[in-house]
file target-v4.cif (mmCIF, C-alpha atoms)
data_run
loop_
_atom_site.label_atom_id
_atom_site.label_comp_id
_atom_site.auth_asym_id
_atom_site.auth_seq_id
_atom_site.Cartn_x
_atom_site.Cartn_y
_atom_site.Cartn_z
CA THR A 526 72.43 -53.63 -70.45
CA ALA A 527 70.03 -56.36 -69.44
CA ALA A 528 71.59 -59.15 -67.40
CA ALA A 529 71.86 -62.49 -69.14
CA PRO A 530 69.16 -64.88 -67.90
CA ARG A 531 70.63 -67.05 -65.18
CA PRO A 532 70.57 -70.79 -65.76
CA TRP A 533 69.27 -71.55 -62.29
CA ARG A 534 65.60 -72.24 -61.67
CA LEU A 535 64.24 -70.75 -58.47
CA PHE A 536 61.99 -72.50 -55.97
CA GLY A 537 60.46 -71.23 -52.74
CA ALA A 538 59.96 -73.78 -49.96
CA MET A 539 58.12 -73.43 -46.67
CA CYS A 540 59.37 -74.95 -43.45
CA LEU A 541 56.22 -74.94 -41.32
CA LEU A 542 56.94 -75.51 -37.63
CA ARG A 543 54.41 -76.51 -34.99
CA LEU A 544 55.82 -75.05 -31.78
CA PRO A 545 55.95 -77.20 -28.63
CA ARG A 546 52.83 -77.29 -26.46
CA ILE A 547 54.43 -78.65 -23.27
CA THR A 548 57.76 -78.15 -21.54
CA GLN A 549 60.61 -80.55 -22.15
CA PRO A 550 61.49 -82.87 -19.27
CA LEU A 551 64.23 -81.55 -16.99
CA LEU A 552 67.76 -82.91 -17.29
CA LYS A 553 69.36 -84.56 -14.28
CA GLU A 554 71.44 -81.49 -13.34
CA GLU A 555 68.42 -79.25 -13.71
CA GLU A 556 66.35 -81.46 -11.41
CA GLU A 557 69.04 -81.54 -8.74
CA MET A 558 69.43 -77.78 -8.91
CA ALA A 559 65.68 -77.21 -8.70
CA ALA A 560 65.53 -79.37 -5.55
CA LEU A 561 68.44 -77.47 -3.99
CA MET A 562 66.86 -74.12 -4.78
CA GLY A 563 63.63 -75.25 -3.13
CA GLN A 564 65.52 -76.32 0.00
CA ILE A 565 67.41 -73.03 0.26
CA GLU A 566 64.19 -71.08 -0.23
CA VAL A 567 62.52 -72.93 2.64
CA GLU A 568 65.52 -72.42 4.91
CA LYS A 569 65.73 -68.71 4.29
CA SER A 570 62.02 -68.08 4.71
CA HIS A 571 59.99 -67.12 7.77
CA TYR A 572 56.87 -68.84 9.01
CA SER A 573 53.71 -67.98 7.12
CA ASP A 574 50.32 -67.41 8.78
CA HIS A 575 49.16 -70.89 7.88
CA GLU A 576 52.27 -72.49 9.41
CA ILE A 577 51.97 -70.49 12.63
CA ARG A 578 48.35 -71.55 12.91
CA LYS A 579 49.37 -75.17 12.41
CA LEU A 580 52.09 -74.96 15.11
CA GLU A 581 49.74 -73.35 17.60
CA GLU A 582 47.08 -75.95 17.03
CA GLU A 583 49.61 -78.76 17.46
CA GLU A 584 50.63 -77.28 20.78
CA GLN A 585 47.00 -76.98 21.82
CA LEU A 586 46.37 -80.61 20.98
CA LYS A 587 49.44 -81.67 22.95
CA ARG A 588 48.37 -79.64 25.98
CA ARG A 589 44.86 -81.09 25.79
CA LYS A 590 46.15 -84.62 25.70
CA GLU A 591 48.54 -84.08 28.61
CA SER A 592 46.08 -82.21 30.81
CA LEU A 593 43.40 -84.53 32.07
CA TYR A 594 40.95 -81.71 32.71
CA ASP A 595 39.15 -80.36 29.67
CA ASP A 596 38.95 -76.63 30.41
CA GLU A 597 38.22 -75.44 26.89
CA THR A 598 34.71 -75.73 25.56
CA THR A 599 34.44 -78.83 23.49
CA GLY A 600 31.06 -77.91 22.08
CA LYS A 601 32.24 -75.90 19.09
CA THR A 602 33.98 -77.72 16.24
CA VAL A 603 37.09 -75.87 15.09
CA ILE A 604 38.58 -76.49 11.65
CA MET A 605 42.23 -77.32 12.12
CA ALA A 606 44.90 -76.27 9.68
CA GLN A 607 45.79 -79.93 9.15
CA ASP A 608 42.21 -80.65 8.05
CA LEU A 609 42.43 -77.86 5.51
CA GLU A 610 45.63 -79.30 4.12
CA ASP A 611 44.07 -82.74 3.81
CA LYS A 612 41.07 -81.27 2.04
CA TRP A 613 43.31 -79.48 -0.48
CA GLU A 614 45.31 -82.66 -1.08
CA GLN A 615 42.11 -84.57 -1.82
CA LYS A 616 40.97 -81.92 -4.28
CA LEU A 617 44.30 -82.08 -6.12
CA LEU A 618 44.11 -85.85 -6.42
CA GLN A 619 40.62 -85.62 -7.88
CA PHE A 620 41.79 -83.47 -10.78
CA LYS A 621 43.11 -85.43 -13.74
CA ALA A 622 45.28 -83.47 -16.16
CA ALA A 623 45.70 -84.40 -19.80
CA PRO A 624 48.57 -86.84 -20.35
CA ARG A 625 51.86 -85.52 -21.62
CA ILE A 626 52.43 -88.59 -23.77
CA THR A 627 49.45 -88.77 -26.09
CA ASP A 628 47.93 -91.69 -27.98
CA ALA A 629 49.56 -90.55 -31.17
CA ASP A 630 52.90 -90.92 -29.40
CA LYS A 631 52.13 -94.50 -28.47
CA ASN A 632 51.01 -95.43 -31.98
CA ASN A 633 53.80 -93.43 -33.59
CA ASN A 634 51.25 -91.90 -35.92
CA ARG A 635 53.46 -89.50 -37.81
CA THR A 636 50.62 -87.77 -39.65
CA SER A 637 49.04 -86.42 -36.47
CA LEU A 638 49.89 -83.07 -34.91
CA ASN A 639 49.39 -84.36 -31.37
CA ARG A 640 52.60 -86.30 -31.35
CA ARG A 641 55.74 -85.19 -29.47
CA LEU A 642 54.11 -82.17 -27.83
CA ASP A 643 57.39 -81.08 -26.31
CA SER A 644 59.33 -80.48 -29.55
CA ASN A 645 58.99 -78.71 -32.89
CA LEU A 646 57.21 -80.60 -35.66
CA MET A 647 57.67 -79.69 -39.33
CA LEU A 648 55.71 -80.56 -42.40
CA LEU A 649 57.10 -82.93 -45.06
CA VAL A 650 55.26 -83.72 -48.27
CA LYS A 651 55.94 -86.18 -51.06
CA GLN A 652 56.61 -84.32 -54.30
CA LYS A 653 57.54 -85.40 -57.77
CA ILE A 654 60.88 -83.93 -58.89
CA GLY A 655 61.93 -84.98 -62.39
CA ASN A 656 60.86 -88.59 -62.40
CA GLN A 657 61.33 -89.28 -58.67
CA GLU A 658 58.91 -89.12 -55.80
CA LEU A 659 60.78 -87.51 -52.92
CA TRP A 660 59.98 -86.42 -49.38
CA LEU A 661 60.57 -82.68 -49.27
CA LEU A 662 59.53 -79.50 -47.55
CA PRO A 663 56.60 -78.15 -49.59
CA GLN A 664 58.04 -76.14 -52.47
CA ALA A 665 56.76 -74.35 -55.55
CA GLU A 666 58.51 -72.88 -58.56
CA TRP A 667 59.02 -69.14 -58.57
CA GLN A 668 57.01 -67.22 -61.14
CA PRO A 669 58.12 -63.79 -62.37
CA GLY A 670 56.23 -61.02 -60.67
CA GLU A 671 56.12 -62.41 -57.15
CA THR A 672 58.58 -62.35 -54.27
CA LEU A 673 60.10 -65.58 -52.99
CA ARG A 674 58.12 -65.27 -49.78
CA SER A 675 54.85 -65.33 -51.70
CA THR A 676 56.14 -68.36 -53.61
CA ALA A 677 56.60 -70.15 -50.29
CA GLU A 678 53.12 -69.07 -49.15
CA ARG A 679 51.67 -70.41 -52.38
CA ALA A 680 53.47 -73.70 -51.81
CA MET A 681 51.96 -73.94 -48.33
CA ALA A 682 48.50 -73.11 -49.65
CA THR A 683 48.64 -75.79 -52.34
CA PHE A 684 49.36 -78.47 -49.78
CA LEU A 685 47.37 -77.29 -46.78
CA GLY A 686 44.61 -75.14 -48.20
CA ASP A 687 43.86 -71.47 -47.66
CA HIS A 688 42.66 -71.63 -44.07
CA VAL A 689 46.03 -72.23 -42.49
CA GLN A 690 47.42 -69.35 -40.44
CA ALA A 691 51.18 -69.22 -40.22
CA LYS A 692 53.51 -66.47 -39.06
CA ILE A 693 56.43 -66.26 -41.48
CA LEU A 694 59.59 -64.97 -39.85
CA GLY A 695 60.48 -62.09 -42.12
CA ASN A 696 60.97 -61.54 -45.80
CA ALA A 697 64.44 -63.06 -46.02
CA PRO A 698 65.04 -66.75 -46.67
CA SER A 699 66.52 -68.79 -43.84
CA GLY A 700 68.48 -71.25 -45.97
CA ILE A 701 69.24 -72.43 -49.46
CA TYR A 702 69.71 -75.76 -51.22
CA LYS A 703 71.49 -75.63 -54.55
CA TYR A 704 71.71 -78.61 -56.85
CA LYS A 705 72.63 -79.28 -60.44
CA PHE A 706 70.38 -81.32 -62.66
CA PRO A 707 71.64 -84.75 -63.74
CA ARG A 708 73.67 -84.63 -66.92
CA ALA A 709 70.83 -86.10 -68.95
CA ILE A 710 68.65 -83.00 -68.69
CA ARG A 711 71.31 -80.39 -68.02
CA THR A 712 71.55 -77.75 -70.74
CA GLU A 713 73.27 -74.40 -71.10
CA ASP A 714 70.19 -72.52 -69.91
CA ASN A 715 69.03 -75.05 -67.38
CA LEU A 716 71.92 -75.82 -65.11
CA GLY A 717 70.16 -76.60 -61.89
CA ALA A 718 67.83 -75.29 -59.23
CA LYS A 719 68.06 -73.20 -56.09
CA VAL A 720 65.54 -73.87 -53.36
CA PHE A 721 65.12 -71.04 -50.85
CA PHE A 722 63.68 -72.06 -47.47
CA PHE A 723 61.39 -69.84 -45.41
CA LYS A 724 60.63 -70.55 -41.78
CA ALA A 725 57.12 -70.11 -40.39
CA PHE A 726 55.29 -70.89 -37.14
CA LEU A 727 51.93 -72.59 -37.31
CA GLN A 728 49.30 -70.44 -35.57
CA SER A 729 46.02 -72.27 -36.11
CA SER A 730 45.84 -75.18 -33.72
CA ASP A 731 43.60 -77.54 -35.69
CA LEU A 732 43.96 -78.38 -39.35
CA SER A 733 40.75 -80.35 -39.75
CA GLN A 734 39.66 -77.95 -42.46
CA ALA A 735 42.87 -78.38 -44.39
CA GLU A 736 42.56 -80.50 -47.49
CA LEU A 737 45.75 -82.46 -47.56
CA LYS A 738 45.97 -83.69 -51.09
CA LYS A 739 49.03 -85.88 -50.97
CA ASP A 740 51.12 -87.81 -48.48
CA TYR A 741 52.30 -85.66 -45.65
CA LEU A 742 54.16 -86.11 -42.39
CA TRP A 743 54.85 -84.08 -39.28
CA VAL A 744 58.34 -84.94 -38.04
CA THR A 745 60.88 -83.64 -35.55
CA LYS A 746 64.43 -82.64 -36.43
CA ASP A 747 65.96 -85.97 -35.43
CA GLU A 748 63.44 -87.90 -37.50
CA LEU A 749 64.22 -85.90 -40.63
CA GLY A 750 67.09 -88.23 -41.41
CA ASP A 751 64.61 -91.04 -42.11
CA TYR A 752 63.10 -89.18 -45.03
CA LEU A 753 65.44 -86.61 -46.53
CA LYS A 754 68.43 -87.10 -48.78
CA PRO A 755 71.78 -86.43 -47.04
CA GLU A 756 72.73 -83.20 -48.86
CA TYR A 757 69.24 -81.77 -48.53
CA LEU A 758 69.16 -82.79 -44.88
CA LYS A 759 72.43 -81.02 -44.19
CA LYS A 760 71.14 -77.75 -45.58
CA VAL A 761 67.78 -78.00 -43.83
CA SER A 762 69.18 -78.80 -40.40
CA GLY A 763 71.51 -75.83 -40.83
CA PHE A 764 68.70 -73.43 -40.14
CA LEU A 765 66.75 -75.46 -37.58
CA LEU A 766 67.25 -75.03 -33.83
CA ASP A 767 67.09 -77.95 -31.41
CA ILE B 1201 37.24 17.09 7.51
CA LYS B 1202 33.66 16.31 7.21
CA ALA B 1203 32.38 16.67 3.69
CA VAL B 1204 29.14 18.41 3.17
CA SER B 1205 26.38 15.97 2.53
CA PRO B 1206 24.99 16.40 -0.97
CA HIS B 1207 21.66 15.58 0.56
CA ALA B 1208 21.83 18.82 2.51
CA LEU B 1209 22.91 20.63 -0.61
CA CYS B 1210 20.11 19.31 -2.74
CA SER B 1211 17.54 20.04 -0.07
CA ILE B 1212 18.64 23.65 -0.14
CA PHE B 1213 18.21 23.75 -3.87
CA PHE B 1214 14.87 22.05 -3.62
CA SER B 1215 13.45 24.54 -1.22
CA SER B 1216 14.49 27.44 -3.39
CA ALA B 1217 13.81 26.20 -6.89
CA ARG B 1218 10.74 23.97 -6.22
CA LEU B 1219 11.74 21.42 -8.88
CA PRO B 1220 9.47 18.44 -9.54
CA GLN B 1221 10.83 15.29 -7.96
CA ALA B 1222 10.75 13.28 -11.17
CA VAL B 1223 13.52 15.35 -12.79
CA PRO B 1224 16.96 14.15 -11.75
CA PHE B 1225 19.03 16.93 -10.30
CA ARG B 1226 22.59 16.94 -11.52
CA GLY B 1227 24.19 19.03 -8.83
CA GLY B 1228 27.67 17.44 -8.70
CA HIS B 1229 29.73 15.03 -10.75
CA TRP B 1230 29.55 12.46 -7.98
CA GLN B 1231 25.76 12.35 -7.92
CA THR B 1232 24.34 10.07 -10.60
CA SER B 1233 20.70 10.04 -9.48
CA LEU B 1234 18.64 11.33 -6.59
CA LEU B 1235 17.43 7.95 -5.51
CA ALA B 1236 20.82 6.32 -5.60
CA LEU B 1237 22.44 8.65 -3.11
CA ARG B 1238 23.33 6.17 -0.47
CA ALA B 1239 24.15 3.36 -2.95
CA SER B 1240 27.57 4.83 -3.72
CA LEU B 1241 30.49 4.46 -1.34
CA PRO B 1242 30.02 6.18 1.97
CA VAL B 1243 31.49 9.57 1.49
CA ARG B 1244 32.44 10.01 5.13
CA SER B 1245 35.39 7.55 4.87
CA GLN B 1246 38.74 8.18 3.19
CA PRO B 1247 38.77 9.21 -0.44
CA GLN B 1248 38.56 6.28 -2.84
CA LYS B 1249 41.73 6.67 -4.87
CA LYS B 1250 44.13 5.69 -2.07
CA LYS B 1251 42.15 2.53 -1.26
CA LYS B 1252 42.28 1.32 -4.84
CA LYS B 1253 46.06 1.44 -4.90
CA VAL B 1254 46.52 -0.46 -1.68
CA ASP B 1255 43.96 -3.07 -2.70
CA VAL B 1256 45.48 -3.58 -6.10
CA LYS B 1257 48.96 -3.76 -4.66
CA ARG B 1258 47.95 -6.20 -1.97
CA GLU B 1259 46.09 -8.39 -4.42
CA GLN B 1260 49.03 -8.36 -6.80
CA ALA B 1261 51.42 -9.32 -4.00
CA GLN B 1262 49.14 -12.20 -2.98
CA LYS B 1263 48.92 -13.46 -6.54
CA ASP B 1264 52.71 -13.35 -6.92
CA ARG B 1265 53.23 -15.30 -3.70
CA LEU B 1266 50.76 -17.95 -4.83
CA LYS B 1267 52.44 -18.21 -8.21
CA LYS B 1268 55.84 -18.61 -6.57
CA LYS B 1269 54.49 -21.41 -4.36
CA ILE B 1270 52.98 -23.18 -7.39
CA LYS B 1271 56.26 -22.90 -9.27
CA LYS B 1272 58.18 -24.35 -6.34
CA LEU B 1273 55.82 -27.29 -6.07
CA GLU B 1274 56.06 -27.97 -9.80
CA LYS B 1275 59.84 -27.79 -9.75
CA ALA B 1276 60.08 -30.41 -7.03
CA SER B 1277 60.71 -33.89 -8.54
CA PRO B 1278 57.67 -36.19 -8.65
CA GLU B 1279 57.22 -38.60 -5.76
CA LEU B 1280 58.60 -42.03 -6.48
CA ILE B 1281 56.03 -44.79 -6.78
CA PRO B 1282 56.71 -47.32 -3.98
CA ILE B 1283 57.42 -50.87 -5.13
CA GLU B 1284 55.15 -52.98 -2.99
CA ASP B 1285 57.30 -56.11 -3.41
CA PHE B 1286 60.32 -54.48 -1.76
CA ILE B 1287 58.54 -53.27 1.35
CA THR B 1288 58.22 -56.07 3.90
CA PRO B 1289 55.08 -55.60 5.98
CA LEU B 1290 55.90 -55.08 9.65
CA LYS B 1291 54.14 -58.20 10.82
CA TYR B 1292 56.77 -60.41 9.17
CA SER B 1293 59.71 -58.89 11.05
CA ASP B 1294 58.47 -60.45 14.27
CA SER B 1295 61.09 -62.70 15.81
CA SER B 1296 58.55 -65.40 16.59
CA ARG B 1297 58.36 -66.04 12.87
CA VAL B 1298 61.97 -67.09 12.50
CA ARG B 1299 62.30 -70.71 11.49
CA SER B 1300 64.18 -72.96 13.88
CA LEU B 1301 66.22 -75.46 11.88
CA PRO B 1302 69.15 -77.67 12.80
CA PRO B 1303 72.48 -76.42 11.39
CA LEU B 1304 73.66 -78.00 8.12
CA SER B 1305 76.06 -80.90 8.34
CA PHE B 1306 79.48 -80.79 6.73
CA GLU B 1307 78.48 -83.33 4.06
CA GLU B 1308 75.46 -81.27 3.13
CA THR B 1309 77.47 -78.08 2.65
CA GLU B 1310 80.04 -79.98 0.60
CA ARG B 1311 77.33 -81.46 -1.58
CA ARG B 1312 75.82 -78.04 -2.15
CA VAL B 1313 79.09 -76.42 -3.11
CA LEU B 1314 79.93 -79.20 -5.56
CA LEU B 1315 76.46 -79.04 -7.07
CA MET B 1316 76.78 -75.28 -7.60
CA LYS B 1317 80.06 -75.78 -9.42
CA LYS B 1318 78.59 -78.49 -11.64
CA TRP B 1319 75.64 -76.24 -12.36
CA SER B 1320 77.79 -73.29 -13.42
CA LEU B 1321 79.69 -75.56 -15.82
CA PHE B 1322 76.44 -76.97 -17.20
CA LYS B 1323 75.01 -73.51 -17.76
CA GLN B 1324 78.20 -72.32 -19.43
CA LYS B 1325 78.12 -75.24 -21.88
CA GLN B 1326 74.43 -74.55 -22.54
CA ALA B 1327 75.05 -70.86 -23.27
CA GLN B 1328 77.94 -71.68 -25.60
CA ALA B 1329 75.83 -74.20 -27.48
CA GLU B 1330 73.05 -71.62 -27.89
CA LYS B 1331 75.47 -69.04 -29.24
CA LYS B 1332 76.87 -71.56 -31.69
CA ALA B 1333 73.40 -72.52 -32.87
CA ILE B 1334 72.47 -68.89 -33.47
CA GLN B 1335 75.74 -68.42 -35.34
CA THR B 1336 74.95 -71.31 -37.70
CA LEU B 1337 71.47 -69.88 -38.26
CA VAL B 1338 72.86 -66.50 -39.21
CA GLU B 1339 75.47 -68.05 -41.50
CA ALA B 1340 72.83 -70.10 -43.32
CA GLN B 1341 70.75 -67.00 -43.88
CA GLN B 1342 73.72 -65.00 -45.11
CA GLU B 1343 74.57 -67.73 -47.60
CA ALA B 1344 70.98 -67.79 -48.84
CA LEU B 1345 70.95 -64.02 -49.30
CA LYS B 1346 74.28 -64.13 -51.13
CA GLU B 1347 72.98 -66.69 -53.60
CA LEU B 1348 69.78 -64.71 -54.04
CA ARG B 1349 71.75 -61.60 -54.83
CA LEU B 1350 73.61 -63.47 -57.52
CA GLU B 1351 70.29 -64.46 -59.01
CA SER B 1352 68.38 -61.20 -59.13
CA GLU B 1353 68.84 -57.85 -57.45
CA GLU B 1354 65.12 -57.18 -57.37
CA LEU B 1355 64.31 -60.31 -55.38
CA TYR B 1356 67.19 -59.56 -53.07
CA GLN B 1357 65.87 -56.08 -52.31
CA ALA B 1358 62.43 -57.52 -51.67
CA ALA B 1359 63.96 -60.05 -49.27
CA ILE B 1360 65.97 -57.45 -47.33
CA ARG B 1361 62.93 -55.27 -46.73
CA ARG B 1362 61.73 -55.10 -43.12
CA ASP B 1363 58.60 -57.13 -42.33
CA GLU B 1364 56.27 -54.73 -40.52
CA GLY B 1365 53.75 -57.37 -39.53
CA LEU B 1366 56.29 -59.49 -37.65
CA PHE B 1367 56.50 -57.42 -34.43
CA PRO B 1368 54.92 -57.30 -31.89
CA PHE B 1369 55.30 -61.06 -31.83
CA GLU B 1370 53.09 -62.79 -29.26
CA ARG B 1371 53.10 -66.42 -28.22
CA ASP B 1372 51.58 -68.41 -25.36
CA GLY B 1373 54.38 -70.30 -23.68
CA PRO B 1374 54.39 -74.10 -23.29
CA ASN B 1375 52.69 -75.48 -20.16
CA TYR B 1376 53.39 -78.61 -18.17
CA THR B 1377 50.39 -80.55 -19.49
CA PRO B 1378 48.47 -80.08 -22.75
CA PRO B 1379 44.99 -78.51 -22.54
CA LEU B 1380 42.20 -80.89 -21.49
CA PRO B 1381 39.59 -81.15 -24.24
CA GLY B 1382 36.15 -80.28 -22.89
CA TYR B 1383 37.39 -78.93 -19.55
CA ASP B 1384 34.82 -76.84 -17.69
CA PRO B 1385 36.59 -74.34 -15.40
CA PRO B 1386 34.84 -73.60 -12.06
CA GLU B 1387 32.56 -70.56 -11.90
CA GLY B 1388 33.84 -67.44 -10.24
CA LYS B 1389 34.74 -63.80 -10.65
CA CYS B 1390 38.27 -62.46 -10.43
CA VAL B 1391 38.49 -59.03 -8.77
CA ASP B 1392 41.76 -57.18 -9.32
CA ILE B 1393 42.77 -55.31 -6.15
CA THR B 1394 46.23 -54.09 -7.16
CA LYS B 1395 46.90 -50.53 -6.05
CA VAL B 1396 47.52 -48.16 -8.96
CA TYR B 1397 49.67 -45.10 -8.25
CA THR B 1398 49.69 -41.96 -10.37
CA GLN B 1399 52.52 -39.45 -10.33
#
call {"tool": "encode", "arguments": {"input": "target-v4.cif", "output": "C-alpha cells"}}
result
Amino acid sequence: TAAAPRPWRLFGAMCLLRLPRITQPLLKEEEEMAALMGQIEVEKSHYSDHEIRKLEEEEQLKRRKESLYDDETTGKTVIMAQDLEDKWEQKLLQFKAAPRITDADKNNNRTSLNRRLDSNLMLLVKQKIGNQELWLLPQAEWQPGETLRSTAERAMATFLGDHVQAKILGNAPSGIYKYKFPRAIRTEDNLGAKVFFFKAFLQSSDLSQAELKKDYLWVTKDELGDYLKPEYLKKVSGFLLD
Amino acid sequence: IKAVSPHALCSIFFSSARLPQAVPFRGGHWQTSLLALRASLPVRSQPQKKKKKVDVKREQAQKDRLKKKIKKLEKASPELIPIEDFITPLKYSDSSRVRSLPPLSFEETERRVLLMKKWSLFKQKQAQAEKKAIQTLVEAQQEALKELRLESEELYQAAIRRDEGLFPFERDGPNYTPPLPGYDPPEGKCVDITKVYTQ
C-alpha cells in the first residue's frame, strides 16, 4: 500500500561555516594560570648552555673591572651572550605580523570574510518566501530523486557558484525548522514546510570567483539575532556551537 | 694394511699383454681411467665409507645447533625502542646547573594554592558547558532525523548512511596572527636529523 503523500514540503538548507583563523583571546583565569605555569617551569628547570655562558661572562666582566691589570688578551673581540640576546630582540622587533583586528572589523563590513577572524562566520542570504523577503540560511526545495544533502549542496551552489569547496559533516541533517503556512494559503495537501539544516565547513579560503547573486552576509552566532526571526533563530542556534 | 697399488697391477698387465696406451684398461671397479689414477682419493688412507658417516653426522649436528641458536634469538622479544625524550643526557645532571633561587614567601604559596583551586573550578565549569553543548547538538539532530523518518523512509535511510569521504578529517589549526599577504620567508634548507629506530 503506497503511503499517502505527506502535506509537508521539504527544503534542504546549508549552514556554511568559515572556521576561525586565529585563536580567541585568553580569559582572565587562563592568563593568570599561564603566567603561573611559566613561573613554575622556570623554577623547576636547570640552567641551559646559553645561561651558563651568560653567567660566566658576567663573572669575567666583573673580575676584569675589579682587577686593575689586564691579563687577558684584549686584541680578540669575543661575542658575548648578552650581545646575542640583544641582536635577537632587535630582529623580533623588526618583524611586523598581520594585525589580529582587520580593517573589515573596524568598518563592520559584514559582507567580508576577513571580519572576526577568531570566531565562526556563517552565510545568510535574502530569500523570497511567499511574498516576504527574509534573511535565511541558503535553502532550496527538495526535488524527488535526490537526497536532502544534495538539495543543500544545490542551494549552496545557486548562491555561491560551483567553485566553492565545502566539507559537509555527514549525510544526516543537523537540525530542523518546521512551520505551518499562514491560513490563507494552507490547504489539505499543503500544510507547511520542513527545513532540514546541514552543517558544512568552508574549505576554499577566497571566494573571489564566487558569483554572489543576491544580498548576502557573513555573521557570527551572536549577530544572528539581528537578522533571523525568533523561532527560526531558536532552531538554528540549537545546532551551533559557541 | 697397505693396499696394492693399482699402478703396480696395471704395469704387470702392461708388460705381459702389450696393450696400446690409448685403450683404457678396466682392471678394477675403482679405476675409471688410466690417466686419472691419482685424481681419486688417496687409497692409502682409511676407507671412504666411514669418513662419509662422520662428516655427515658432524655437519648435521652443526646445522642443528645453528638452527637452535636462530630459534632462540627469534623467540627473544624485540628490543624496545628508546624514547629519546625520557633519557636525560648526562651533562644536565651536573650539580653546577642547579638554579639558585630564593625560597617562596608565604603569600606567594598562598596565592598559588588559591589560583589552582580557582582554576580547577573554572575548568570544571568549562567541561560541563561543553558536555551540555554537545548534548543539545545531538538532541537537535535526533529531532531532525525523527521528523525525516515521518516524512519518507527512503530519505531517512539515505541520511543514516555513513559518509565515507568525511574521515580522515584534516584541518590546520588557528594561529595567533592571520597570515601576512605577500610574506617572503627567508631562504634555507631544513635537514631532519631525527634518529629512526627499526625493530
call {"tool": "atom_distance", "arguments": {"input": "target-v4.cif", "atom1": "atom CA of B:Glu1308", "atom2": "atom CA of A:His571"}}
result
21.5 Å
call {"tool": "resolve_selection", "arguments": {"input": "target-v4.cif", "expression": "the PyMOL selection byres ((chain A) within 6 of (chain B))", "output": "list in words"}}
result
Arg546, Ile547, Thr548, His571, Tyr572, Ala623, Arg625, Gly695, Asn696, Ala697, Ser699, Gly700, Ile701 and Phe764 of chain A
call {"tool": "residues_near_point", "arguments": {"input": "target-v4.cif", "point": "(50.6, -83.2, -47.8)", "cutoff": "12 Å", "atoms": "only C-alpha atoms", "output": "PyMOL selection string"}}
result
chain A and resi 541+636-637+647-652+660-664+680-686+732+735-743
call {"tool": "resolve_selection", "arguments": {"input": "target-v4.cif", "expression": "the PyMOL selection byres ((chain A and resi 759) around 12)", "output": "mmCIF file with C-alpha atoms, keeping the file's coordinate frame"}}
result
data_model
loop_
_atom_site.group_PDB
_atom_site.id
_atom_site.type_symbol
_atom_site.label_atom_id
_atom_site.label_comp_id
_atom_site.auth_asym_id
_atom_site.auth_seq_id
_atom_site.Cartn_x
_atom_site.Cartn_y
_atom_site.Cartn_z
ATOM 1 C CA GLY A 700 68.480 -71.250 -45.970
ATOM 2 C CA ILE A 701 69.240 -72.430 -49.460
ATOM 3 C CA TYR A 702 69.710 -75.760 -51.220
ATOM 4 C CA LYS A 703 71.490 -75.630 -54.550
ATOM 5 C CA LYS A 746 64.430 -82.640 -36.430
ATOM 6 C CA ASP A 747 65.960 -85.970 -35.430
ATOM 7 C CA LEU A 749 64.220 -85.900 -40.630
ATOM 8 C CA GLY A 750 67.090 -88.230 -41.410
ATOM 9 C CA LEU A 753 65.440 -86.610 -46.530
ATOM 10 C CA LYS A 754 68.430 -87.100 -48.780
ATOM 11 C CA PRO A 755 71.780 -86.430 -47.040
ATOM 12 C CA GLU A 756 72.730 -83.200 -48.860
ATOM 13 C CA TYR A 757 69.240 -81.770 -48.530
ATOM 14 C CA LEU A 758 69.160 -82.790 -44.880
ATOM 15 C CA LYS A 760 71.140 -77.750 -45.580
ATOM 16 C CA VAL A 761 67.780 -78.000 -43.830
ATOM 17 C CA SER A 762 69.180 -78.800 -40.400
ATOM 18 C CA GLY A 763 71.510 -75.830 -40.830
ATOM 19 C CA PHE A 764 68.700 -73.430 -40.140
ATOM 20 C CA LEU A 765 66.750 -75.460 -37.580
ATOM 21 C CA THR B 1336 74.950 -71.310 -37.700
ATOM 22 C CA ALA B 1340 72.830 -70.100 -43.320
#
call {"tool": "atom_distance", "arguments": {"input": "target-v4.cif", "atom1": "atom CA of A:Asp714", "atom2": "atom CA of A:Arg534"}}
result
9.4 Å
call {"tool": "atom_distance", "arguments": {"input": "target-v4.cif", "atom1": "atom CA of A:Leu580", "atom2": "atom CA of A:Asp608"}}
result
13.4 Å
call {"tool": "residues_around", "arguments": {"input": "target-v4.cif", "residues": "stretch 1303-1305 of chain B", "least_positions_apart": "4", "cutoff": "12 Å", "atoms": "all atoms listed in the file", "output": "ChimeraX atom specification"}}
result
/A:564-565,568 /B:1299,1309-1312
